[in-house]
Amino acid sequence: MPTITNKTNSTSYKAILIHPQLPTGRQQGDVRFGSQKVDIQAGDFYYAIPFAELEIEAGGASGQFIFFKSRKEKDISFYTKDKSILKDDFLISDPRFREHIKKTKFALTNLYRGAALFLSVCLIIITSFYLFKDSIVKMAARNVPISWEEQMGDELFESIKKEYTFIENDSLIGVLGNELQPLINQVEAEGFHIELYLVEDASINAFALPGGKVMINSGLIKNASSWDEVAGVMAHEISHVSLRHHVRGAIDKIGFFSVVYLFLGDGSAVMATLANTMFELQTTAYSRTLEQEADSQGINYLQQSRINPEGMIQFFEMLDEKHEMTQIDSLLQFVSTHPSTPDRINDLKEQIEDKKENNYISFQSNYDDFKEGVLLTTN
C-alpha cells in the first residue's frame with residue numbers, strides 16, 4: 001500500500017496501530033490531525049479515520065491509554081499514552097469531540113486518583129502498623145492456634161534433647177510440680193498446658209518453649225534460696241508462654257505481610273515461616289518490652305496464686321549481685337538472656353508496693369531438702 005502523508009498538521013504523536021493486515025497485528029507509527037480526519041503512518045502502512053466516524057476513549061491496561069477508533073471498522077484502532085494529543089488544535093476546535101475529550105480526561109485522571117488513593121491507604125496502613133506495632137502484632141498472635149504453638153514447642157523440644165541432660169527423678173519433679181501448681185493453674189485456666197523439666201546444667205537459667213514446656217537448670221535451683229524465688233522465675237517464664245511471646249517475636253521478625261495474612265484468616269500461608277523463625281528466635285534474647293511484660297504478668301500470676309512476689313525480686317537481686325562479682329558471664333546465662341538491672345528491680349518493687357498482702361500461702365516442702373536432692377542427683 002502506498003505511503004500517504006497528511007500535511008495539514010505538522011504536530012505528530014507516537015502511537016500503536018492495531019490492524020488485521022499488519023504482519024504482527026500492530027505497529028508503531030506517527031499520528032497527525034487534519035481539519036476533517038486523523039491518520040497514522042506506520043512504516044508503509046497508512047490508516048485514516050474521518051472525524052465523522054471518530055470515537056475517542058480511555059482504555060487498555062488500567063485504562064491508561066487513549067484510543068482512537070472508527071465506528072465502522074471495530075477491529076481497527078490506534079492508541080497512545082501521550083496525553084498531549086488531547087490538546088491538538090484540530091481536535092479541540094471541533095465541537096463534536098468536546099464531550100469525548102472531557103470523558104477521556106476524566107477517566108485518565110480518575111485512574112491516577114485511584115492509584116494515589118490506593119497508595120495513600122497503603123501508606124496509612126503501613127505507618128499505622130509501625131506506630132501501633134506491638135498492639136497489632138499482639139492481636140495477630142491471637143489468630144495463631146495454641147495447638148499449633150504446642151506442636152512447635154514439641155518439635156523444638158525434640159531438637160534440644162540432645163543438648164541437655166535431663167534429671168529423670170519423678171520424686172523431685174513431683175515435688176516441683178506440687179509446689180508450683182497454684183501458679184501453673186493460673187496459666188492452664190487460659191488454655192495452655194505447662195510441663196516442667198529439670199535439666200542438669202550449672203548455669204543459672206530457665207526458659208520456656210512455645211506452648212508450655214519449661215526447662216529449669218540445676219544451677220538455678222542451687223543458687224535460689226527459697227520456693228518463693230523459684231516461683232518468681234517460673235511466673236516470669238510461663239508469662240512468656242501465656243503472652244504468646246514466641247509467636248509475637250516471630251511475627252515481628254517476618255514483618256507486615258504476615259500480620260495481613262493472619263488477620264485475613266489465611267494463617268497457613270505464614271505458618272511455615274513462623275515455625276522456622278521461632279526455631280531461630282529460641283536461641284536469642286527477648287526484647288526489653290517483652291521482658292517487662294513477662295515481669296509484670298508474672299507478678300500478677302504470683303498475686304493471684306497468693307505466692308509472695310518478693311521472691312522474684314530477691315532472685316533478680318541475687319543475679320545482679322553475682323553479675324557484679326564475676327566477669328564470667330557464660331556462667332550466668334540467665335543474666336544475658338533476662339537482663340536484671342536496678343531499674344527493672346525498681347519497677348517490680350513499685351508494682352508490688354500497691355498489692356502487698358499478708359496471707360501468702362506456705363509451701364508444703366522444705367526448699368533446702370529439695371535443693372539437696374537436686375544437687376545429689378547431679379553429682
# chains A, B, ... in the order shown; residues from 1 in each chain; ligands from 1
call {"tool": "residues_around", "arguments": {"residues": "Gly298 of chain A", "least_positions_apart": "4", "cutoff": "10 Å", "atoms": "only C-alpha atoms", "output": "list in words"}}
result
Leu183, Ala231, Gly232, Val233, Met234, Ala235, His236, Glu237, Ile238, Ser239, His240, Gln292, Glu293, Ala294, Leu302, Gln303, Gln304, Pro309 and Met312 of chain A
call {"tool": "closest_residue", "arguments": {"among": "A:Glu350, A:Asp368, A:Asp170, A:Glu195", "to": "Asp154 of chain A", "atoms": "only C-alpha atoms"}}
result
A:Glu195
call {"tool": "select_by_dssp", "arguments": {"residues": "segment 39-261 of chain A", "states": "alpha helix (DSSP H)", "output": "number ranges by chain"}}
result
A: 89-92, 98-131, 133-141, 146-160, 170-188, 218-223, 227-242, 245-254, 256-261
call {"tool": "residues_around", "arguments": {"residues": "Asp347 of chain A", "least_positions_apart": "5", "cutoff": "10 Å", "atoms": "only C-alpha atoms", "output": "PyMOL selection string"}}
result
chain A and resi 292+295-296+313+341-342+352-353
call {"tool": "closest_residue", "arguments": {"among": "A:His246, A:Phe363, A:Ile173, A:Asp75", "to": "Met152 of chain A", "atoms": "only C-alpha atoms"}}
result
A:His246
call {"tool": "residues_around", "arguments": {"residues": "Ser171 of chain A", "least_positions_apart": "2", "cutoff": "12 Å", "atoms": "only C-alpha atoms", "output": "list in words"}}
result
Ile167, Glu168, Asn169, Ile173, Gly174, Val175, Leu176, Gly177, Asn178, Leu198, Phe370, Gly373, Val374 and Thr377 of chain A
call {"tool": "atom_distance", "arguments": {"atom1": "atom CA of Ser362 of chain A", "atom2": "atom CA of Glu188 of chain A"}}
result
21.6 Å
call {"tool": "closest_residue", "arguments": {"among": "A:Val187, A:Val199, A:Ile124, A:Ala140", "to": "Lys161 of chain A", "atoms": "only C-alpha atoms"}}
result
A:Val199
call {"tool": "atom_distance", "arguments": {"atom1": "atom CA of Val241 of chain A", "atom2": "atom CA of Ser225 of chain A"}}
result
25.0 Å
call {"tool": "decode", "arguments": {"residues": "segment 9-29 of chain A", "atoms": "N, CA, C and O atoms", "output": "PDB file, in the first residue's frame"}}
result
ATOM      1  N   ASN A   9      -1.174  19.142   9.304  1.00  0.00           N
ATOM      2  CA  ASN A   9      -0.755  19.468  10.668  1.00  0.00           C
ATOM      3  C   ASN A   9       0.659  18.958  10.855  1.00  0.00           C
ATOM      4  O   ASN A   9       0.941  17.781  10.647  1.00  0.00           O
ATOM      5  N   SER A  10       1.569  19.827  11.269  1.00  0.00           N
ATOM      6  CA  SER A  10       2.968  19.437  11.432  1.00  0.00           C
ATOM      7  C   SER A  10       3.221  18.692  12.732  1.00  0.00           C
ATOM      8  O   SER A  10       4.254  18.061  12.891  1.00  0.00           O
ATOM      9  N   THR A  11       2.278  18.764  13.715  1.00  0.00           N
ATOM     10  CA  THR A  11       2.453  18.076  15.002  1.00  0.00           C
ATOM     11  C   THR A  11       2.129  16.599  14.847  1.00  0.00           C
ATOM     12  O   THR A  11       1.078  16.230  14.332  1.00  0.00           O
ATOM     13  N   SER A  12       3.043  15.754  15.291  1.00  0.00           N
ATOM     14  CA  SER A  12       2.802  14.314  15.225  1.00  0.00           C
ATOM     15  C   SER A  12       2.952  13.710  16.613  1.00  0.00           C
ATOM     16  O   SER A  12       3.626  14.258  17.481  1.00  0.00           O
ATOM     17  N   TYR A  13       2.301  12.574  16.803  1.00  0.00           N
ATOM     18  CA  TYR A  13       2.282  11.892  18.092  1.00  0.00           C
ATOM     19  C   TYR A  13       2.560  10.404  17.860  1.00  0.00           C
ATOM     20  O   TYR A  13       2.039   9.811  16.917  1.00  0.00           O
ATOM     21  N   LYS A  14       3.385   9.812  18.706  1.00  0.00           N
ATOM     22  CA  LYS A  14       3.673   8.400  18.590  1.00  0.00           C
ATOM     23  C   LYS A  14       2.486   7.577  19.090  1.00  0.00           C
ATOM     24  O   LYS A  14       1.906   7.866  20.138  1.00  0.00           O
ATOM     25  N   ALA A  15       2.131   6.545  18.320  1.00  0.00           N
ATOM     26  CA  ALA A  15       1.001   5.699  18.692  1.00  0.00           C
ATOM     27  C   ALA A  15       1.209   4.310  18.108  1.00  0.00           C
ATOM     28  O   ALA A  15       2.089   4.086  17.276  1.00  0.00           O
ATOM     29  N   ILE A  16       0.410   3.363  18.558  1.00  0.00           N
ATOM     30  CA  ILE A  16       0.439   1.985  18.062  1.00  0.00           C
ATOM     31  C   ILE A  16      -0.829   1.738  17.247  1.00  0.00           C
ATOM     32  O   ILE A  16      -1.947   1.937  17.738  1.00  0.00           O
ATOM     33  N   LEU A  17      -0.649   1.319  16.009  1.00  0.00           N
ATOM     34  CA  LEU A  17      -1.775   0.987  15.141  1.00  0.00           C
ATOM     35  C   LEU A  17      -2.098  -0.498  15.281  1.00  0.00           C
ATOM     36  O   LEU A  17      -1.213  -1.341  15.178  1.00  0.00           O
ATOM     37  N   ILE A  18      -3.368  -0.796  15.498  1.00  0.00           N
ATOM     38  CA  ILE A  18      -3.851  -2.180  15.516  1.00  0.00           C
ATOM     39  C   ILE A  18      -4.661  -2.391  14.248  1.00  0.00           C
ATOM     40  O   ILE A  18      -5.687  -1.743  14.020  1.00  0.00           O
ATOM     41  N   HIS A  19      -4.175  -3.303  13.399  1.00  0.00           N
ATOM     42  CA  HIS A  19      -4.822  -3.518  12.097  1.00  0.00           C
ATOM     43  C   HIS A  19      -4.612  -4.977  11.702  1.00  0.00           C
ATOM     44  O   HIS A  19      -3.491  -5.493  11.778  1.00  0.00           O
ATOM     45  N   PRO A  20      -5.664  -5.668  11.252  1.00  0.00           N
ATOM     46  CA  PRO A  20      -5.531  -7.092  10.901  1.00  0.00           C
ATOM     47  C   PRO A  20      -4.591  -7.368   9.733  1.00  0.00           C
ATOM     48  O   PRO A  20      -4.124  -8.502   9.570  1.00  0.00           O
ATOM     49  N   GLN A  21      -4.312  -6.338   8.895  1.00  0.00           N
ATOM     50  CA  GLN A  21      -3.443  -6.555   7.748  1.00  0.00           C
ATOM     51  C   GLN A  21      -1.954  -6.357   8.069  1.00  0.00           C
ATOM     52  O   GLN A  21      -1.100  -6.616   7.216  1.00  0.00           O
ATOM     53  N   LEU A  22      -1.640  -5.917   9.257  1.00  0.00           N
ATOM     54  CA  LEU A  22      -0.247  -5.778   9.659  1.00  0.00           C
ATOM     55  C   LEU A  22       0.343  -7.155   9.941  1.00  0.00           C
ATOM     56  O   LEU A  22      -0.363  -8.046  10.447  1.00  0.00           O
ATOM     57  N   PRO A  23       1.636  -7.354   9.638  1.00  0.00           N
ATOM     58  CA  PRO A  23       2.261  -8.680   9.832  1.00  0.00           C
ATOM     59  C   PRO A  23       2.107  -9.225  11.250  1.00  0.00           C
ATOM     60  O   PRO A  23       1.861 -10.405  11.449  1.00  0.00           O
ATOM     61  N   THR A  24       2.275  -8.373  12.251  1.00  0.00           N
ATOM     62  CA  THR A  24       2.152  -8.810  13.643  1.00  0.00           C
ATOM     63  C   THR A  24       0.858  -8.341  14.301  1.00  0.00           C
ATOM     64  O   THR A  24       0.664  -8.512  15.498  1.00  0.00           O
ATOM     65  N   GLY A  25       0.011  -7.703  13.506  1.00  0.00           N
ATOM     66  CA  GLY A  25      -1.258  -7.216  14.031  1.00  0.00           C
ATOM     67  C   GLY A  25      -1.184  -5.818  14.602  1.00  0.00           C
ATOM     68  O   GLY A  25      -2.205  -5.166  14.794  1.00  0.00           O
ATOM     69  N   ARG A  26       0.031  -5.328  14.847  1.00  0.00           N
ATOM     70  CA  ARG A  26       0.189  -3.975  15.385  1.00  0.00           C
ATOM     71  C   ARG A  26       1.568  -3.431  15.040  1.00  0.00           C
ATOM     72  O   ARG A  26       2.523  -4.193  14.854  1.00  0.00           O
ATOM     73  N   GLN A  27       1.669  -2.096  14.982  1.00  0.00           N
ATOM     74  CA  GLN A  27       2.942  -1.463  14.632  1.00  0.00           C
ATOM     75  C   GLN A  27       2.914  -0.008  15.062  1.00  0.00           C
ATOM     76  O   GLN A  27       1.874   0.652  15.016  1.00  0.00           O
ATOM     77  N   GLN A  28       4.094   0.490  15.514  1.00  0.00           N
ATOM     78  CA  GLN A  28       4.173   1.880  15.933  1.00  0.00           C
ATOM     79  C   GLN A  28       4.187   2.804  14.725  1.00  0.00           C
ATOM     80  O   GLN A  28       4.738   2.477  13.675  1.00  0.00           O
ATOM     81  N   GLY A  29       3.563   3.963  14.901  1.00  0.00           N
ATOM     82  CA  GLY A  29       3.537   4.939  13.818  1.00  0.00           C
ATOM     83  C   GLY A  29       3.376   6.345  14.338  1.00  0.00           C
ATOM     84  O   GLY A  29       3.407   6.581  15.556  1.00  0.00           O
TER      85      GLY A  29
END
